[in-house]
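Here is input12.txt, consisting of compact mmCIF, C-alpha atoms:
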# COMPACT_ATOMS: atom_id res chain seq x y z
CA MET A 1 40.73 99.63 60.96
CA GLU A 2 44.00 99.46 59.03
CA SER A 3 44.61 95.80 59.81
CA ARG A 4 41.02 94.93 58.90
CA VAL A 5 41.26 96.58 55.48
CA LEU A 6 44.69 95.08 54.93
CA SER A 7 43.42 91.56 55.62
CA ARG A 8 40.66 92.10 53.03
CA ALA A 9 43.13 93.29 50.46
CA THR A 10 45.57 90.40 50.91
CA ALA A 11 42.75 87.88 50.83
CA PHE A 12 42.43 88.26 47.09
CA GLY A 13 46.02 87.32 46.48
CA ALA A 14 45.79 84.19 48.66
CA LEU A 15 42.63 82.67 47.22
CA PRO A 16 42.99 79.98 44.55
CA CYS A 17 41.76 80.62 41.03
CA HIS A 18 40.03 78.10 38.77
CA ARG A 19 42.73 78.24 36.11
CA LYS A 20 46.43 78.85 36.00
CA PRO A 21 47.05 82.43 34.93
CA SER A 22 49.49 83.34 32.20
CA PRO A 23 52.66 85.31 33.03
CA ARG A 24 50.96 88.49 31.80
CA GLU A 25 47.93 87.84 33.99
CA ASN A 26 50.21 87.04 36.95
CA ALA A 27 51.78 90.47 36.60
CA ALA A 28 48.40 92.16 36.48
CA LEU A 29 47.19 90.30 39.59
CA SER A 30 50.35 91.13 41.52
CA PHE A 31 49.94 94.77 40.56
CA VAL A 32 46.38 94.91 41.91
CA SER A 33 47.33 93.29 45.23
CA ALA A 34 50.35 95.53 45.69
CA ARG A 35 48.34 98.62 44.87
CA LEU A 36 45.69 97.83 47.49
CA ILE A 37 48.22 97.06 50.25
CA GLY A 38 50.23 100.15 49.46
CA ALA A 39 47.19 102.39 49.67
CA VAL A 40 46.51 101.23 53.21
CA SER A 41 50.07 101.08 54.52
CA GLU A 42 50.76 104.60 53.35
CA GLY A 43 47.73 105.88 55.22
CA GLY A 44 46.20 106.91 51.90
CA ASN A 45 42.75 106.25 50.49
CA LEU A 46 41.19 104.13 53.24
CA ILE A 47 37.74 104.66 51.79
CA TRP A 48 38.85 102.62 48.77
CA GLY A 49 39.81 99.78 51.06
CA ARG A 50 36.43 99.91 52.81
CA GLN A 51 34.55 99.74 49.53
CA LEU A 52 36.35 96.59 48.36
CA ARG A 53 33.95 95.60 45.60
CA PRO A 54 35.10 94.22 42.24
CA ALA A 55 32.67 96.38 40.24
CA LEU A 56 34.36 99.51 41.62
CA LEU A 57 38.02 98.41 41.83
CA LEU A 58 38.36 96.50 38.58
CA GLU A 59 36.18 98.56 36.27
CA ALA A 60 39.10 99.88 34.26
CA SER A 61 40.52 96.54 33.11
CA PRO A 62 38.53 93.61 31.67
CA LEU A 63 41.62 91.41 32.11
CA LYS A 64 41.78 91.97 35.85
CA ARG A 65 38.06 91.44 36.18
CA GLU A 66 38.30 88.08 34.39
CA ILE A 67 41.07 86.85 36.71
CA LEU A 68 39.63 87.90 40.04
CA ARG A 69 35.96 87.05 39.53
CA PRO A 70 36.43 83.31 40.38
CA CYS A 71 38.46 84.31 43.41
CA LEU A 72 35.70 86.57 44.63
CA ALA A 73 33.23 83.74 44.37
CA ALA A 74 35.50 81.65 46.58
CA ALA A 75 35.95 84.53 49.01
CA SER A 76 32.21 84.76 49.54
CA SER A 77 31.95 81.06 50.41
CA PRO A 78 31.25 80.38 54.10
CA THR A 79 33.59 77.35 54.05
CA GLU A 80 36.68 79.55 53.85
CA GLY A 81 36.33 80.53 57.49
CA ASN A 82 37.09 84.19 56.83
CA ASP A 83 34.46 86.45 58.36
CA SER A 84 35.43 89.53 56.41
CA ALA A 85 35.67 87.82 53.06
CA GLY A 86 31.91 87.57 52.73
CA ASP A 87 31.68 91.37 52.77
CA ALA A 88 33.04 91.43 49.23
CA LYS A 89 29.95 89.70 47.88
CA LEU A 90 27.74 92.07 45.93
CA ALA A 91 24.17 92.25 47.19
CA PRO A 92 21.61 91.41 44.49
CA LEU A 93 19.67 94.36 43.12
CA GLY A 94 16.07 94.58 44.21
CA PHE A 95 13.16 94.99 41.81
CA PHE A 96 12.81 98.74 42.43
CA ASP A 97 16.60 99.20 42.09
CA LYS A 98 16.41 97.68 38.63
CA TYR A 99 13.28 99.64 37.65
CA PRO A 100 13.32 102.90 39.68
CA PHE A 101 10.83 104.58 37.34
CA ILE A 102 8.11 102.25 38.62
CA LEU A 103 8.57 103.44 42.20
CA THR A 104 8.77 107.08 41.06
CA GLY A 105 5.57 106.65 39.08
CA PHE A 106 3.90 105.16 42.14
CA PHE A 107 4.94 108.20 44.18
CA PHE A 108 3.42 110.55 41.58
CA PHE A 109 0.22 108.51 41.40
CA MET A 110 -0.24 108.48 45.18
CA TRP A 111 0.58 112.19 45.39
CA TYR A 112 -2.14 113.01 42.84
CA PHE A 113 -4.63 110.50 44.22
CA LEU A 114 -4.35 111.64 47.84
CA ASN A 115 -4.46 115.31 46.84
CA VAL A 116 -7.63 114.87 44.80
CA ILE A 117 -9.29 112.80 47.56
CA PHE A 118 -8.30 115.38 50.17
CA ASN A 119 -9.75 118.31 48.22
CA ILE A 120 -13.03 116.51 47.49
CA MET A 121 -13.50 115.23 51.04
CA ASN A 122 -12.48 118.59 52.50
CA LYS A 123 -15.13 120.45 50.48
CA LYS A 124 -17.81 117.88 51.38
CA ILE A 125 -17.07 118.47 55.06
CA TYR A 126 -17.44 122.23 54.60
CA ASN A 127 -20.85 121.69 53.03
CA TYR A 128 -22.19 120.52 56.40
CA PHE A 129 -19.55 121.84 58.82
CA PRO A 130 -18.35 125.32 57.70
CA TYR A 131 -15.64 125.88 60.32
CA PRO A 132 -12.31 126.14 58.46
CA TYR A 133 -10.22 127.19 61.50
CA PHE A 134 -11.21 124.07 63.43
CA VAL A 135 -10.85 121.79 60.40
CA SER A 136 -7.35 123.22 59.80
CA VAL A 137 -6.42 122.25 63.37
CA VAL A 138 -7.77 118.74 62.72
CA HIS A 139 -5.65 118.44 59.55
CA LEU A 140 -2.48 119.29 61.44
CA GLY A 141 -3.50 117.39 64.58
CA VAL A 142 -4.01 114.09 62.77
CA GLY A 143 -0.69 114.59 61.00
CA VAL A 144 1.11 115.23 64.29
CA VAL A 145 -0.36 112.07 65.83
CA TYR A 146 0.78 110.15 62.73
CA CYS A 147 4.32 111.57 63.15
CA LEU A 148 4.45 110.72 66.87
CA ILE A 149 3.38 107.13 66.22
CA SER A 150 5.95 106.85 63.41
CA TRP A 151 8.68 108.10 65.74
CA ALA A 152 7.56 105.69 68.47
CA VAL A 153 8.02 102.67 66.20
CA GLY A 154 11.20 104.06 64.65
CA LEU A 155 9.86 104.66 61.14
CA PRO A 156 11.60 107.02 60.72
CA LYS A 157 13.91 107.48 63.67
CA ARG A 158 13.32 110.87 65.22
CA ALA A 159 16.03 113.38 64.38
CA PRO A 160 17.20 115.51 67.33
CA ILE A 161 16.56 119.24 67.20
CA ASP A 162 18.36 121.98 69.11
CA SER A 163 17.26 125.47 70.12
CA ASN A 164 18.95 127.12 67.12
CA GLN A 165 17.14 124.87 64.65
CA LEU A 166 13.89 125.46 66.49
CA LYS A 167 14.28 129.22 66.20
CA LEU A 168 14.83 128.88 62.46
CA LEU A 169 11.81 126.61 61.98
CA ILE A 170 9.30 128.74 63.94
CA PRO A 171 8.88 131.41 61.19
CA VAL A 172 8.58 128.65 58.56
CA ALA A 173 5.90 126.85 60.59
CA ALA A 174 4.04 130.10 61.36
CA CYS A 175 3.80 130.95 57.65
CA HIS A 176 2.78 127.36 56.92
CA ALA A 177 0.01 127.62 59.53
CA LEU A 178 -1.30 130.95 58.20
CA GLY A 179 -1.22 129.74 54.60
CA HIS A 180 -2.99 126.52 55.50
CA VAL A 181 -5.77 128.22 57.49
CA THR A 182 -6.44 130.89 54.85
CA SER A 183 -6.50 128.22 52.12
CA ASN A 184 -9.19 126.39 54.06
CA VAL A 185 -11.17 129.60 54.59
CA SER A 186 -11.15 130.02 50.80
CA PHE A 187 -12.10 126.37 50.21
CA ALA A 188 -15.07 126.80 52.53
CA ALA A 189 -16.21 130.05 50.87
CA VAL A 190 -15.89 129.36 47.13
CA ALA A 191 -15.59 126.45 44.69
CA VAL A 192 -12.46 124.30 44.99
CA SER A 193 -11.63 124.93 41.33
CA PHE A 194 -11.72 128.71 41.85
CA THR A 195 -9.44 128.57 44.93
CA HIS A 196 -6.88 126.54 43.00
CA THR A 197 -7.09 128.97 40.10
CA ILE A 198 -6.26 131.86 42.44
CA LYS A 199 -3.48 129.83 44.05
CA ALA A 200 -1.93 129.50 40.61
CA LEU A 201 -0.70 133.07 41.27
CA GLU A 202 1.75 131.78 43.89
CA PRO A 203 4.72 131.84 41.44
CA PHE A 204 4.03 135.53 40.81
CA PHE A 205 4.32 136.28 44.53
CA ASN A 206 7.45 134.13 44.79
CA ALA A 207 9.12 136.03 41.96
CA SER A 208 8.09 139.40 43.43
CA ALA A 209 9.47 138.49 46.85
CA SER A 210 12.74 137.23 45.36
CA GLN A 211 13.18 140.44 43.37
CA PHE A 212 12.07 143.08 45.86
CA ILE A 213 12.68 141.46 49.27
CA LEU A 214 15.66 139.16 48.76
CA GLY A 215 17.22 141.38 46.10
CA GLN A 216 17.66 138.55 43.62
CA SER A 217 17.62 139.35 39.93
CA ILE A 218 14.70 137.67 38.15
CA PRO A 219 15.26 137.11 34.40
CA LEU A 220 12.89 138.85 32.01
CA SER A 221 11.79 135.49 30.60
CA LEU A 222 10.38 134.53 34.02
CA TRP A 223 8.44 137.78 34.34
CA LEU A 224 7.01 137.36 30.83
CA SER A 225 5.91 133.81 31.62
CA LEU A 226 3.89 135.14 34.57
CA ALA A 227 1.81 137.46 32.36
CA PRO A 228 -0.59 134.68 31.23
CA VAL A 229 -0.95 133.55 34.85
CA VAL A 230 -2.15 137.00 35.96
CA LEU A 231 -4.35 137.36 32.85
CA GLY A 232 -5.91 133.92 33.29
CA VAL A 233 -6.70 134.40 36.98
CA SER A 234 -8.22 137.80 36.22
CA MET A 235 -10.45 136.35 33.49
CA ALA A 236 -11.57 133.48 35.72
CA SER A 237 -12.32 135.78 38.67
CA LEU A 238 -14.49 138.20 36.70
CA THR A 239 -17.03 135.57 35.69
CA GLU A 240 -16.70 132.99 38.49
CA LEU A 241 -20.21 132.07 39.62
CA SER A 242 -19.16 131.24 43.21
CA PHE A 243 -17.03 134.39 43.60
CA ASN A 244 -17.01 136.22 46.92
CA TRP A 245 -14.40 138.47 48.48
CA THR A 246 -13.79 136.23 51.50
CA GLY A 247 -12.71 133.35 49.29
CA PHE A 248 -10.67 135.55 46.96
CA ILE A 249 -8.81 137.50 49.66
CA SER A 250 -8.15 134.38 51.74
CA ALA A 251 -6.59 132.60 48.75
CA MET A 252 -4.41 135.66 48.06
CA ILE A 253 -3.25 135.76 51.72
CA SER A 254 -2.45 132.06 51.40
CA ASN A 255 -0.25 132.82 48.38
CA ILE A 256 1.62 135.51 50.31
CA SER A 257 2.03 133.25 53.37
CA PHE A 258 3.47 130.39 51.36
CA THR A 259 5.80 132.85 49.61
CA TYR A 260 7.22 133.95 52.97
CA ARG A 261 7.42 130.30 54.00
CA SER A 262 9.72 129.74 51.01
CA ILE A 263 11.85 132.74 52.01
CA TYR A 264 12.25 131.57 55.61
CA SER A 265 12.87 128.00 54.45
CA LYS A 266 15.94 129.17 52.53
CA LYS A 267 17.25 130.79 55.72
CA ALA A 268 16.51 127.65 57.73
CA MET A 269 18.45 125.20 55.57
CA THR A 270 19.25 122.09 57.60
CA ASP A 271 20.69 118.61 57.08
CA MET A 272 17.59 117.03 58.61
CA ASP A 273 15.70 114.64 56.34
CA SER A 274 12.44 115.85 54.81
CA THR A 275 10.20 113.50 56.82
CA ASN A 276 11.49 114.70 60.20
CA LEU A 277 11.59 118.31 59.03
CA TYR A 278 7.94 118.27 57.95
CA ALA A 279 7.00 116.58 61.24
CA TYR A 280 8.56 119.38 63.31
CA ILE A 281 6.95 122.04 61.11
CA SER A 282 3.55 120.35 61.55
CA ILE A 283 3.92 120.29 65.35
CA ILE A 284 4.80 123.99 65.53
CA ALA A 285 2.09 124.92 63.03
CA LEU A 286 -0.50 123.06 65.10
CA LEU A 287 0.43 125.07 68.19
CA VAL A 288 0.10 128.27 66.14
CA CYS A 289 -3.35 127.32 64.78
CA ILE A 290 -5.05 126.30 68.04
CA PRO A 291 -5.45 129.78 69.69
CA PRO A 292 -7.15 131.53 66.72
CA ALA A 293 -9.43 128.52 66.21
CA LEU A 294 -10.58 128.72 69.83
CA ILE A 295 -11.05 132.49 69.65
CA VAL A 296 -12.76 132.74 66.24
CA GLU A 297 -14.87 129.57 66.17
CA GLY A 298 -14.78 128.16 69.71
CA PRO A 299 -18.01 129.74 71.04
CA GLN A 300 -19.98 128.86 67.87
CA LEU A 301 -18.76 125.26 67.91
CA ILE A 302 -19.82 124.79 71.52
CA LYS A 303 -23.24 126.36 71.01
CA TYR A 304 -24.38 124.69 67.80
CA GLY A 305 -21.48 123.78 65.45
CA PHE A 306 -20.84 120.23 66.62
CA ASN A 307 -24.51 119.49 67.29
CA ASP A 308 -25.58 120.64 63.81
CA ALA A 309 -22.94 118.51 62.09
CA ILE A 310 -23.81 115.41 64.12
CA ALA A 311 -27.53 115.94 63.42
CA LYS A 312 -26.85 116.11 59.67
CA VAL A 313 -24.48 113.15 59.16
CA GLY A 314 -24.22 111.32 62.49
CA LEU A 315 -21.39 111.14 65.02
CA VAL A 316 -19.51 108.23 63.41
CA LYS A 317 -19.39 109.77 59.93
CA PHE A 318 -18.50 113.20 61.33
CA VAL A 319 -15.53 111.87 63.32
CA SER A 320 -14.38 109.50 60.56
CA ASP A 321 -14.54 112.26 57.92
CA LEU A 322 -12.36 114.53 60.06
CA PHE A 323 -9.86 111.73 60.71
CA TRP A 324 -9.52 110.67 57.07
CA VAL A 325 -9.27 114.20 55.68
CA GLY A 326 -6.50 114.94 58.19
CA LEU A 327 -4.63 111.78 57.29
CA PHE A 328 -4.93 112.45 53.55
CA TYR A 329 -3.69 116.01 54.08
CA HIS A 330 -0.56 114.86 55.89
CA LEU A 331 0.20 111.99 53.53
CA TYR A 332 -0.15 113.99 50.31
CA ASN A 333 2.15 116.70 51.64
CA GLN A 334 4.69 114.11 52.77
CA LEU A 335 4.53 112.33 49.42
CA ALA A 336 5.00 115.62 47.58
CA THR A 337 8.24 116.15 49.54
CA ASN A 338 9.42 112.58 49.00
CA THR A 339 8.67 112.82 45.27
CA LEU A 340 10.78 115.99 45.04
CA GLU A 341 13.73 114.04 46.47
CA ARG A 342 13.42 111.37 43.75
CA VAL A 343 13.16 113.54 40.64
CA ALA A 344 14.74 116.60 39.08
CA PRO A 345 13.20 120.01 39.92
CA LEU A 346 11.87 120.34 36.36
CA THR A 347 10.00 117.04 36.59
CA HIS A 348 8.56 117.99 39.97
CA ALA A 349 7.50 121.42 38.69
CA VAL A 350 5.66 119.91 35.74
CA GLY A 351 4.10 117.32 38.07
CA ASN A 352 2.89 120.07 40.39
CA VAL A 353 1.16 121.87 37.52
CA LEU A 354 -0.51 118.66 36.35
CA LYS A 355 -1.64 118.01 39.92
CA ARG A 356 -3.49 121.32 39.96
CA VAL A 357 -5.14 120.43 36.66
CA PHE A 358 -6.29 117.10 38.09
CA VAL A 359 -7.70 118.74 41.24
CA ILE A 360 -9.59 121.40 39.29
CA GLY A 361 -10.95 118.89 36.80
CA PHE A 362 -12.07 116.30 39.35
CA SER A 363 -13.62 118.92 41.64
CA ILE A 364 -15.76 120.21 38.76
CA LEU A 365 -16.86 116.67 37.90
CA VAL A 366 -17.61 115.60 41.48
CA PHE A 367 -19.42 118.72 42.65
CA GLY A 368 -20.98 119.58 39.31
CA ASN A 369 -19.84 123.20 39.54
CA LYS A 370 -21.08 125.28 36.63
CA ILE A 371 -18.38 127.47 35.13
CA SER A 372 -18.71 130.05 32.41
CA THR A 373 -16.77 129.80 29.17
CA GLN A 374 -14.60 132.76 30.18
CA THR A 375 -13.79 131.14 33.54
CA GLY A 376 -12.78 127.92 31.81
CA ILE A 377 -10.57 129.74 29.31
CA GLY A 378 -9.04 131.89 32.06
CA THR A 379 -8.25 128.83 34.18
CA ALA A 380 -6.59 127.11 31.21
CA ILE A 381 -4.49 130.20 30.42
CA ALA A 382 -3.40 130.51 34.06
CA ILE A 383 -2.38 126.84 34.29
CA ALA A 384 -0.49 127.09 30.98
CA GLY A 385 1.36 130.15 32.31
CA VAL A 386 2.33 128.29 35.48
CA ALA A 387 3.64 125.41 33.37
CA ILE A 388 5.80 127.77 31.28
CA TYR A 389 7.07 129.56 34.39
CA SER A 390 7.91 126.27 36.14
CA TYR A 391 9.77 124.99 33.09
CA ILE A 392 11.87 128.14 32.67
CA LYS A 393 12.63 128.40 36.39
CA ALA A 394 13.70 124.76 36.66
CA LYS A 395 15.96 125.12 33.61
CA ILE A 396 17.62 128.21 35.11
CA GLU A 397 18.24 126.42 38.41
CA GLU A 398 19.66 123.39 36.59
CA GLU A 399 22.07 125.61 34.64
CA LYS A 400 23.20 127.23 37.90
CA ARG A 401 23.88 123.82 39.48
CA GLN A 402 25.84 122.68 36.44
CA GLY A 403 27.85 125.90 36.52
CA LYS A 404 28.76 125.38 40.19
CA ALA A 405 29.66 121.75 39.55
CA ALA A 406 31.95 122.73 36.70

Let me see whether you can do it: turn the structure in this file into structure tokens.
Amino acid sequence: MESRVLSRATAFGALPCHRKPSPRENAALSFVSARLIGAVSEGGNLIWGRQLRPALLLEASPLKREILRPCLAAASSPTEGNDSAGDAKLAPLGFFDKYPFILTGFFFFMWYFLNVIFNIMNKKIYNYFPYPYFVSVVHLGVGVVYCLISWAVGLPKRAPIDSNQLKLLIPVAACHALGHVTSNVSFAAVAVSFTHTIKALEPFFNASASQFILGQSIPLSLWLSLAPVVLGVSMASLTELSFNWTGFISAMISNISFTYRSIYSKKAMTDMDSTNLYAYISIIALLVCIPPALIVEGPQLIKYGFNDAIAKVGLVKFVSDLFWVGLFYHLYNQLATNTLERVAPLTHAVGNVLKRVFVIGFSILVFGNKISTQTGIGTAIAIAGVAIYSYIKAKIEEEKRQGKAA
């Protein structure tokens, strides 16, 4: 390794330049070459030698950059016969490297689009096939098949998992499974817009768990920002035309389940990438969801559930609807995770609030749900409260990160 880096460093001194340097420039060039060789021979900063790129090494001095740039062009030429010299050539920036905001915007658009399509298609399925436990299994099952095929073709490469990581992920996946099933029970029982209004209370449960279970101090400003969330959900629930206790309680259980999922996720911190991590959680959650689906809905499905659905829409549409809704579910969750990796927490928090607004709005338009004035005002207040809470929380986390970095 040392000889390889050394040969790269000395190559710059040996290559001819296009013009004869002045005595001052000669001194500068000799200084650069000596500095690189010395760093390697002393066993010092080898990582500098490995990253032998002019933009990094010569950033401090315009004079040095002017002298060595012609030499670098010669070093990258295949006629020189030096295999390692070509490594110094800078790769051209791609379109998305030059304009990253375009790719980030695409991620947000697809996240919103897939989420809206999922919610609309999911509710349409429940209108003729009201079996949320089975549909939840289909959601996860299609996602697991998608993950297995992705691993098989190496996109992405499957990350290994040991028994310790598995033990940490089981509680996360169990809470994910319970939250997913109860969300679907609520979707099947009440209007999509009402379920999402109740699920706007999730930050309240997160803050309560952090304060009273994890023992973390929650600032007063965060608690105050949650007041309009509770008020708005209460207003919307009192006059919701599709209200029933099954839908309301199931959505509340979903909030609690996802809160505990967040708690266990913090304990199960791992270096695994988000795509592989979500794949493993989906596999475990699927195994958790299958037994209750068989127990609760299995006998009804065998007797008349499947036959009734096929009689209403036909076998092809029934199977295709289940496949597409499962695929949309997996993809929108995966895109939400990938989007979080590309943006700051504050941007993602605001995006998550806007996503809920889009889902509520489009569901009302598509299904023509009639809502009272009080329900509309309550929903707006709740969403505004979530936006304020998300903003304050993201700012607090950003200040903590900056404090640790300092």

Query - Nearby residues (all atoms listed in the file) at most 8 Å from stretch 292-303 of chain A, same-chain spacing under 3 positions excluded, as a ChimeraX atom specification - result: /A:131,133-134,137,288-289,306-307

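Between A:Asp273 and the residues A:Pro160, A:Gly105, A:Pro132, A:Gly403, the shortest atom-to-atom distance, using all atoms listed in the file, involves A:Pro160.
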
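Rounded to one decimal, atom CA of A:Ala188 and atom CA of A:Val357 lie 19.8 Å from each other.
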
Would you give me, as a tab-separated table, each residue of stretch 268-296 of chain A having an atom within 12 Å of an atom of stretch 318-336 of chain A, along with its shortest atom pair and that distance in Å to one decimal, using all atoms listed in the file and sorting by chain and residue number?
residue	atom	partner	partner_atom	distance
A:Asp273	CA	A:Gln334	CA	11.6
A:Ser274	CA	A:Gln334	CA	8.2
A:Thr275	CA	A:Gln334	CA	6.9
A:Asn276	CA	A:Gln334	CA	10.1
A:Leu277	CA	A:Gln334	CA	10.2
A:Tyr278	CA	A:Gln334	CA	7.4
A:Ala279	CA	A:Gln334	CA	9.1
A:Ile281	CA	A:His330	CA	11.6
A:Ser282	CA	A:His330	CA	8.9
A:Ile283	CA	A:His330	CA	11.8

Residues at most 12 Å from A:Asp162, counting all atoms listed in the file, excluding those fewer than 3 positions away in the same chain, as a compact mmCIF listing (two decimals) with C-alpha atoms, keeping the file's coordinate frame?
# COMPACT_ATOMS: atom_id res chain seq x y z
CA ALA A 159 16.03 113.38 64.38
CA GLN A 165 17.14 124.87 64.65
CA LEU A 166 13.89 125.46 66.49
CA LYS A 167 14.28 129.22 66.20
CA LEU A 168 14.83 128.88 62.46
CA LEU A 169 11.81 126.61 61.98
CA THR A 270 19.25 122.09 57.60
CA MET A 272 17.59 117.03 58.61
CA TYR A 280 8.56 119.38 63.31

Requested in this report: Find the residues around A:Thr197 up to 12 Å (all atoms listed in the file counted), leave out those fewer than 6 positions away in its own chain, and share them as number ranges by chain.
Outcome: A: 186-187, 190-191, 229-237, 240, 243, 247-248, 251-252, 255, 353, 356-357, 359-361, 375-386

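Pairwise distance (atom CA of A:Val138, atom CA of A:Leu286) equals 8.8 Å.
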
Query raised in the report: Between A:Ala200, A:Ile161, A:Met121, A:Ala209, which is the closest to A:Leu354 once you count all atoms listed in the file?
Result: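 Using all atoms listed in the file, A:Leu354 sits closest to A:Ala200.
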
Report summary line: note - atom CA of A:Gln402 and atom CA of A:Leu222 are separated by 19.6 Å

Query raised in the report: Which one of A:Leu214, A:Ile364, A:Ile170, A:Ala152 sits closest to A:Ser193 if you count only C-alpha atoms?
Result: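 The shortest atom-to-atom distance to A:Ser193 comes from A:Ile364.
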
Query raised in the report: Which residue gives the smallest distance to A:Gly314 among A:Ile371, A:Ile120, A:Tyr128, A:Ile213, with all atoms listed in the file counted?
Result: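 So, comparing all the options, the nearest one is A:Tyr128.
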
Report task. Would you kindly identify which residues have an atom no farther than 7 Å from (-10.6, 118.5, 44.8), using all atoms listed in the file and the file's own coordinates, and write them out as JSON, numbers by chain? Result -> {"A": [116, 117, 118, 119, 120, 192, 359, 360, 362, 363]}

Query raised in the report: Do you know which residues are at most 8 Å from A:Thr104 counting only C-alpha atoms, after dropping those on the same chain fewer than 2 positions away, and could you put them as a ChimeraX atom specification?
Result: /A:100-102,106-108,339,342-343
